[in-house]
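Text of the file input.txt, holding compact mmCIF, C-alpha atoms:
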# COMPACT_ATOMS: atom_id res chain seq x y z
CA MET A 1 0.00 0.00 0.00
CA THR A 2 1.42 3.40 -1.01
CA LEU A 3 1.86 6.00 1.73
CA ARG A 4 0.64 9.38 0.44
CA ILE A 5 2.50 12.36 1.95
CA VAL A 6 2.24 16.15 1.89
CA VAL A 7 5.56 17.97 2.45
CA ALA A 8 5.77 21.57 3.72
CA ASP A 9 8.96 23.63 3.96
CA ASP A 10 9.62 27.26 3.05
CA HIS A 11 13.12 26.60 1.68
CA PRO A 12 12.61 25.58 -1.98
CA MET A 13 15.88 23.68 -2.41
CA TYR A 14 15.47 21.71 0.83
CA ARG A 15 11.85 20.98 -0.06
CA PHE A 16 12.89 19.82 -3.51
CA GLY A 17 15.57 17.53 -2.10
CA LEU A 18 13.29 16.12 0.58
CA THR A 19 10.56 15.46 -1.97
CA ALA A 20 13.07 13.68 -4.22
CA VAL A 21 14.30 11.46 -1.36
CA LEU A 22 10.79 10.49 -0.33
CA SER A 23 9.59 9.93 -3.89
CA GLN A 24 12.44 7.48 -4.51
CA ALA A 25 11.61 5.45 -1.40
CA GLU A 26 9.57 2.32 -1.86
CA GLY A 27 5.92 2.66 -0.91
CA ILE A 28 5.88 6.47 -0.66
CA GLU A 29 4.20 9.03 -2.93
CA VAL A 30 4.52 12.79 -2.35
CA VAL A 31 1.12 14.12 -3.43
CA ALA A 32 1.89 17.79 -2.71
CA SER A 33 4.90 19.94 -1.83
CA VAL A 34 4.20 23.43 -0.44
CA GLY A 35 6.06 26.36 1.06
CA ASP A 36 3.92 27.72 3.89
CA GLY A 37 1.33 26.78 6.48
CA ALA A 38 -1.69 28.15 4.65
CA ALA A 39 -0.76 26.16 1.54
CA LEU A 40 -0.28 23.09 3.74
CA ILE A 41 -3.83 23.39 5.10
CA ALA A 42 -5.17 23.69 1.53
CA ALA A 43 -3.08 20.77 0.25
CA VAL A 44 -4.29 18.45 3.01
CA ALA A 45 -7.89 19.41 2.31
CA GLU A 46 -7.39 18.71 -1.39
CA HIS A 47 -5.36 15.49 -1.24
CA ALA A 48 -6.37 13.87 2.09
CA PRO A 49 -2.85 12.43 2.62
CA ASP A 50 -1.88 9.58 4.93
CA LEU A 51 0.81 11.70 6.63
CA VAL A 52 2.18 15.24 6.77
CA LEU A 53 5.87 16.13 7.05
CA THR A 54 6.25 19.81 7.93
CA ASP A 55 8.82 22.41 8.84
CA LEU A 56 8.01 24.57 11.89
CA ALA A 57 9.31 28.00 10.84
CA MET A 58 7.20 29.03 7.84
CA PRO A 59 5.64 32.34 6.75
CA ASP A 60 1.98 33.33 7.25
CA LEU A 61 1.11 30.26 9.32
CA ASP A 62 3.91 28.37 11.08
CA GLY A 63 4.14 24.61 11.37
CA VAL A 64 2.92 24.48 14.97
CA ALA A 65 -0.23 26.49 14.22
CA ALA A 66 -0.82 24.50 11.02
CA THR A 67 -0.43 21.22 12.94
CA ARG A 68 -2.97 22.37 15.49
CA GLN A 69 -5.49 23.37 12.79
CA LEU A 70 -5.02 20.16 10.83
CA LEU A 71 -5.58 17.98 13.89
CA GLU A 72 -8.67 19.92 14.91
CA ALA A 73 -10.16 18.94 11.54
CA THR A 74 -8.57 15.47 11.25
CA PRO A 75 -7.50 14.22 14.70
CA ASP A 76 -5.99 10.96 13.43
CA LEU A 77 -3.72 12.55 10.79
CA PRO A 78 -0.07 11.60 11.53
CA ILE A 79 2.17 14.68 11.47
CA VAL A 80 5.97 14.73 11.69
CA ALA A 81 7.90 17.95 12.37
CA LEU A 82 11.18 18.24 10.47
CA THR A 83 13.09 21.32 11.60
CA MET A 84 16.47 22.82 12.37
CA TYR A 85 15.38 23.65 15.92
CA GLU A 86 15.95 21.26 18.81
CA ASP A 87 15.41 23.57 21.80
CA ASP A 88 12.74 22.85 24.41
CA GLU A 89 10.50 25.67 23.22
CA HIS A 90 10.12 24.31 19.68
CA VAL A 91 10.10 20.64 20.67
CA PHE A 92 7.31 20.95 23.21
CA ALA A 93 5.31 23.43 21.15
CA ALA A 94 5.20 20.86 18.32
CA LEU A 95 4.37 17.98 20.66
CA ARG A 96 1.63 19.94 22.42
CA ALA A 97 0.16 20.77 19.01
CA GLY A 98 -0.04 17.03 18.32
CA ALA A 99 2.99 16.11 16.20
CA ARG A 100 3.83 12.40 16.50
CA GLY A 101 7.41 12.80 15.35
CA TYR A 102 10.16 15.42 15.65
CA ILE A 103 13.18 15.04 13.40
CA VAL A 104 16.00 17.58 13.29
CA LYS A 105 17.20 18.63 9.83
CA GLY A 106 20.52 17.01 9.17
CA ALA A 107 19.01 13.56 9.51
CA ASP A 108 19.86 11.47 6.45
CA GLY A 109 17.28 10.27 3.94
CA GLU A 110 17.09 6.75 5.35
CA GLU A 111 16.37 8.07 8.84
CA ILE A 112 13.59 10.32 7.54
CA VAL A 113 12.03 7.50 5.51
CA ARG A 114 12.15 5.17 8.54
CA ALA A 115 10.54 7.84 10.70
CA VAL A 116 7.77 8.43 8.17
CA HIS A 117 6.92 4.73 7.98
CA ALA A 118 7.05 4.33 11.76
CA VAL A 119 4.72 7.25 12.45
CA ALA A 120 2.35 6.18 9.68
CA ALA A 121 2.17 2.77 11.37
CA GLY A 122 1.06 4.36 14.63
CA GLY A 123 4.39 4.95 16.33
CA ALA A 124 6.09 8.10 17.61
CA VAL A 125 9.61 8.98 16.49
CA TYR A 126 12.11 11.53 17.82
CA GLY A 127 15.72 12.14 16.88
CA GLY A 128 18.34 11.23 19.47
CA SER A 129 18.99 14.75 20.76
CA VAL A 130 15.26 15.49 20.93
CA ALA A 131 14.56 12.25 22.79
CA ARG A 132 17.19 13.19 25.37
CA ARG A 133 15.47 16.55 25.89
CA ILE A 134 12.14 14.85 26.43
CA VAL A 135 13.64 12.43 28.96
CA ALA A 136 15.39 15.29 30.78
CA PHE A 137 12.17 17.29 30.85
CA TYR A 138 10.14 14.54 32.50
CA ALA A 139 13.00 13.65 34.80
CA GLY A 140 13.04 17.23 36.05
CA ASN A 141 16.50 17.98 34.67
CA SER A 142 15.45 20.44 31.99
CA THR A 143 16.90 23.95 32.14
CA THR A 144 13.55 25.46 31.14
CA THR A 145 11.57 27.60 33.58
CA ALA A 146 8.19 26.63 35.02
CA THR A 147 6.48 28.98 32.56
CA GLU A 148 8.35 27.47 29.61
CA ARG A 149 7.39 23.95 30.66
CA ALA A 150 3.74 24.83 31.24
CA PHE A 151 3.30 27.06 28.18
CA PRO A 152 5.93 26.21 25.54
CA ASP A 153 3.89 27.92 22.77
CA LEU A 154 4.59 31.35 24.27
CA THR A 155 7.55 33.49 23.24
CA PRO A 156 9.96 34.59 26.00
CA ARG A 157 8.34 38.06 26.13
CA GLU A 158 4.85 36.57 26.26
CA ARG A 159 5.96 34.43 29.20
CA ASP A 160 7.18 37.56 31.00
CA VAL A 161 3.79 39.16 30.43
CA LEU A 162 1.92 36.07 31.63
CA GLU A 163 3.98 35.90 34.82
CA LEU A 164 3.05 39.51 35.60
CA LEU A 165 -0.61 38.85 34.72
CA ALA A 166 -0.52 36.01 37.24
CA LEU A 167 0.68 38.51 39.84
CA GLY A 168 -2.32 40.72 39.09
CA CYS A 169 -0.43 43.47 37.27
CA ARG A 170 -2.34 45.84 35.00
CA ASN A 171 -1.05 46.94 31.60
CA HIS A 172 0.60 50.11 32.86
CA GLU A 173 2.47 48.13 35.52
CA ILE A 174 3.60 45.54 32.99
CA SER A 175 4.69 48.38 30.70
CA ARG A 176 6.82 49.90 33.46
CA ARG A 177 8.35 46.64 34.65
CA LEU A 178 9.22 45.35 31.17
CA SER A 179 10.15 48.75 29.69
CA MET A 180 7.74 48.54 26.77
CA SER A 181 4.87 50.67 25.53
CA GLU A 182 1.33 49.93 26.69
CA LYS A 183 0.36 49.25 23.08
CA THR A 184 3.03 46.55 22.89
CA VAL A 185 1.80 45.13 26.19
CA ARG A 186 -1.76 44.97 24.84
CA ASN A 187 -0.51 43.10 21.78
CA HIS A 188 1.38 40.60 23.94
CA VAL A 189 -1.64 40.11 26.21
CA SER A 190 -3.81 39.44 23.16
CA GLN A 191 -1.35 36.80 21.91
CA VAL A 192 -1.20 35.18 25.34
CA LEU A 193 -5.00 34.91 25.51
CA THR A 194 -5.11 33.41 22.02
CA LYS A 195 -2.39 30.83 22.70
CA LEU A 196 -3.81 29.84 26.09
CA ARG A 197 -7.32 29.72 24.57
CA VAL A 198 -8.86 31.77 27.35
CA PRO A 199 -11.39 34.65 27.07
CA ASP A 200 -9.72 37.26 29.25
CA ARG A 201 -6.71 38.18 31.36
CA THR A 202 -8.33 36.92 34.56
CA ALA A 203 -8.71 33.45 33.05
CA ALA A 204 -5.10 33.62 31.84
CA ALA A 205 -3.91 34.54 35.35
CA LEU A 206 -5.90 31.67 36.87
CA LYS A 207 -4.51 29.20 34.35
CA ALA A 208 -0.98 30.40 35.12
CA ARG A 209 -1.51 30.09 38.87
CA GLU A 210 -2.90 26.57 38.45
CA SER A 211 0.45 25.75 36.82
CA GLY A 212 2.37 27.13 39.79
CA ILE A 213 3.19 30.51 38.25
CA GLY A 214 2.66 33.81 40.02

Show me this structure written as structure tokens.
Amino acid sequence: MTLRIVVADDHPMYRFGLTAVLSQAEGIEVVASVGDGAALIAAVAEHAPDLVLTDLAMPDLDGVAATRQLLEATPDLPIVALTMYEDDEHVFAALRAGARGYIVKGADGEEIVRAVHAVAAGGAVYGGSVARRIVAFYAGNSTTTATERAFPDLTPRERDVLELLALGCRNHEISRRLSMSEKTVRNHVSQVLTKLRVPDRTAAALKARESGIG
């Protein structure tokens, strides 16, 4: 049975090479190759693939957000992240979004093909360095902060804002403490509410406190 795959990466030459490697592998057909998250969403809707292999850093809609949207529509779709990043922030953002595999670019073609087949068969695959990070995280040896562990989707500045929200700070206080304009603070608060999927700052503060922050 042929495994039908959609590939997404915003670097044309890497995408071309990856598509060539996969297309030459036995039992794999690349049904679409796209360069951003919005195109990935459209390609999956059009082709209904068996698996998605996506970069994380892409324009318009990044791979984490695209993964989340795809799985909201098709919860059983296997998705593998293939990226140059192997820090905790990117790893856990992808895993929280629902990716079943996380492979760091630099992996050879055989490793990628094996990972694709394994995830398509129901497994979960992580590169060696990523697996070590996951083990360290759950063993309590990660260097990440409590806010990073609880909310890996947030940027460092958004985490700073959330920590102050959890302390009950208003926008003008956050502006003063973080040396940024109130407009910038409002933008960060809006992003925090969106990423935490809460309706207001009070709910965000409560969610942070429940995670031991603030």

List every residue of stretch 18-116 of chain A that has an atom at most 6 Å from any atom of stretch 151-163 of chain A, giving for each one its closest atom pair and the distance in Å to one decimal, counting all atoms listed in the file, sorted by chain and then by ascending residue number, as CSV.
residue,atom,partner,partner_atom,distance
A:Glu89,CA,A:Pro152,CA,5.2
A:Phe92,CA,A:Pro152,CA,5.9
A:Ala93,CA,A:Asp153,CA,5.0

- List the neighbours of A:Gly63 out to 10 Å using all atoms listed in the file; skip same-chain residues closer than 5 positions along the sequence, and give me the result as a list in words. Ala8, Asp9, Asp36, Gly37, Ala38, Leu40, Leu53, Thr54, Asp55, Leu56, Ala57, Met58, Arg68, Gln69, Ala81, Leu82, Thr83, Ala93, Ala94, Ala97 and Ala99 of chain A

Please, could you write that set of residues out with C-alpha atoms as a CSV table (one decimal), in the frame of the given file?
chain,number,residue,atom,x,y,z
A,8,ALA,CA,5.8,21.6,3.7
A,9,ASP,CA,9.0,23.6,4.0
A,36,ASP,CA,3.9,27.7,3.9
A,37,GLY,CA,1.3,26.8,6.5
A,38,ALA,CA,-1.7,28.2,4.6
A,40,LEU,CA,-0.3,23.1,3.7
A,53,LEU,CA,5.9,16.1,7.0
A,54,THR,CA,6.2,19.8,7.9
A,55,ASP,CA,8.8,22.4,8.8
A,56,LEU,CA,8.0,24.6,11.9
A,57,ALA,CA,9.3,28.0,10.8
A,58,MET,CA,7.2,29.0,7.8
A,68,ARG,CA,-3.0,22.4,15.5
A,69,GLN,CA,-5.5,23.4,12.8
A,81,ALA,CA,7.9,18.0,12.4
A,82,LEU,CA,11.2,18.2,10.5
A,83,THR,CA,13.1,21.3,11.6
A,93,ALA,CA,5.3,23.4,21.2
A,94,ALA,CA,5.2,20.9,18.3
A,97,ALA,CA,0.2,20.8,19.0
A,99,ALA,CA,3.0,16.1,16.2

- Quick one: of A:Val104, A:Ala73, A:Ile5, A:Leu167, who's nearest to A:Ala25, counting all atoms listed in the file?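 Of all the options, A:Ile5 lies closest to A:Ala25.
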
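If you look at atom CA of A:Leu95 and atom CA of A:Ala121, they are 18.0 Å away from each other.
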
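Using only C-alpha atoms for every distance, the candidate list A:Val30, A:Arg96, A:Ala45, A:Val91 yields A:Arg96 as the residue closest to A:Leu196.
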
- Hey, what's within 10 Å of A:Ala43 if we count only C-alpha atoms and toss same-chain stuff fewer than 6 positions away? As number ranges by chain, please? A: 6-8, 31-34, 37, 49

- Message: One decimal, in Å: what's the spacing between atom CA of A:Val116 and atom CA of A:Glu72?
- Response: 21.2 Å

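The smallest atom-to-atom distance between A:Ala204 and any of A:Pro12, A:Leu165, A:His47, A:Leu178, using all atoms listed in the file, is found for A:Leu165.
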
- Counting only C-alpha atoms, which of A:Leu22, A:Leu71, A:Ala107, A:Val125 gets nearest to A:Met84?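 Of the candidates, the smallest distance to A:Met84 is held by A:Ala107.
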
- Task: Using atom CA of A:Pro199 and atom CA of A:Gly212 as the two end points, give the distance in Å to one decimal.
- Result: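 Spanning atom CA of A:Pro199 to atom CA of A:Gly212 is a straight-line distance of 20.2 Å.
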
Do you know which residues are at most 10 Å from A:Glu210 counting all atoms listed in the file, after dropping those on the same chain fewer than 4 positions away, and could you put them as a tab-separated table (two decimals) with C-alpha atoms, in the coordinates of the input?
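The resulting selection.tsv:
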chain	number	residue	atom	x	y	z
A	150	ALA	CA	3.74	24.83	31.24
A	166	ALA	CA	-0.52	36.01	37.24
A	204	ALA	CA	-5.10	33.62	31.84
A	205	ALA	CA	-3.91	34.54	35.35
A	206	LEU	CA	-5.90	31.67	36.87
A	214	GLY	CA	2.66	33.81	40.02

- Best match for closeness to A:Arg201 among A:Leu164, A:Ile103, A:Met180, A:Leu18, counting only C-alpha atoms: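 Among the listed residues, A:Leu164 lies closest to A:Arg201.
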
- Considering all atoms listed in the file, return as a list in words whatever protein or nucleic-acid residues lie within 9 Å of A:Gly123, sequence-local ones (same chain, fewer than 5 positions apart) excluded.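 Result of the neighbour search: Arg100, Gly101, Ala115, His117 and Ala118 of chain A.
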
- Note on the structure: Using all atoms listed in the file, the residue out of A:Arg197, A:Arg114, A:His11, A:His90 with shortest distance to A:Gly27 is A:Arg114
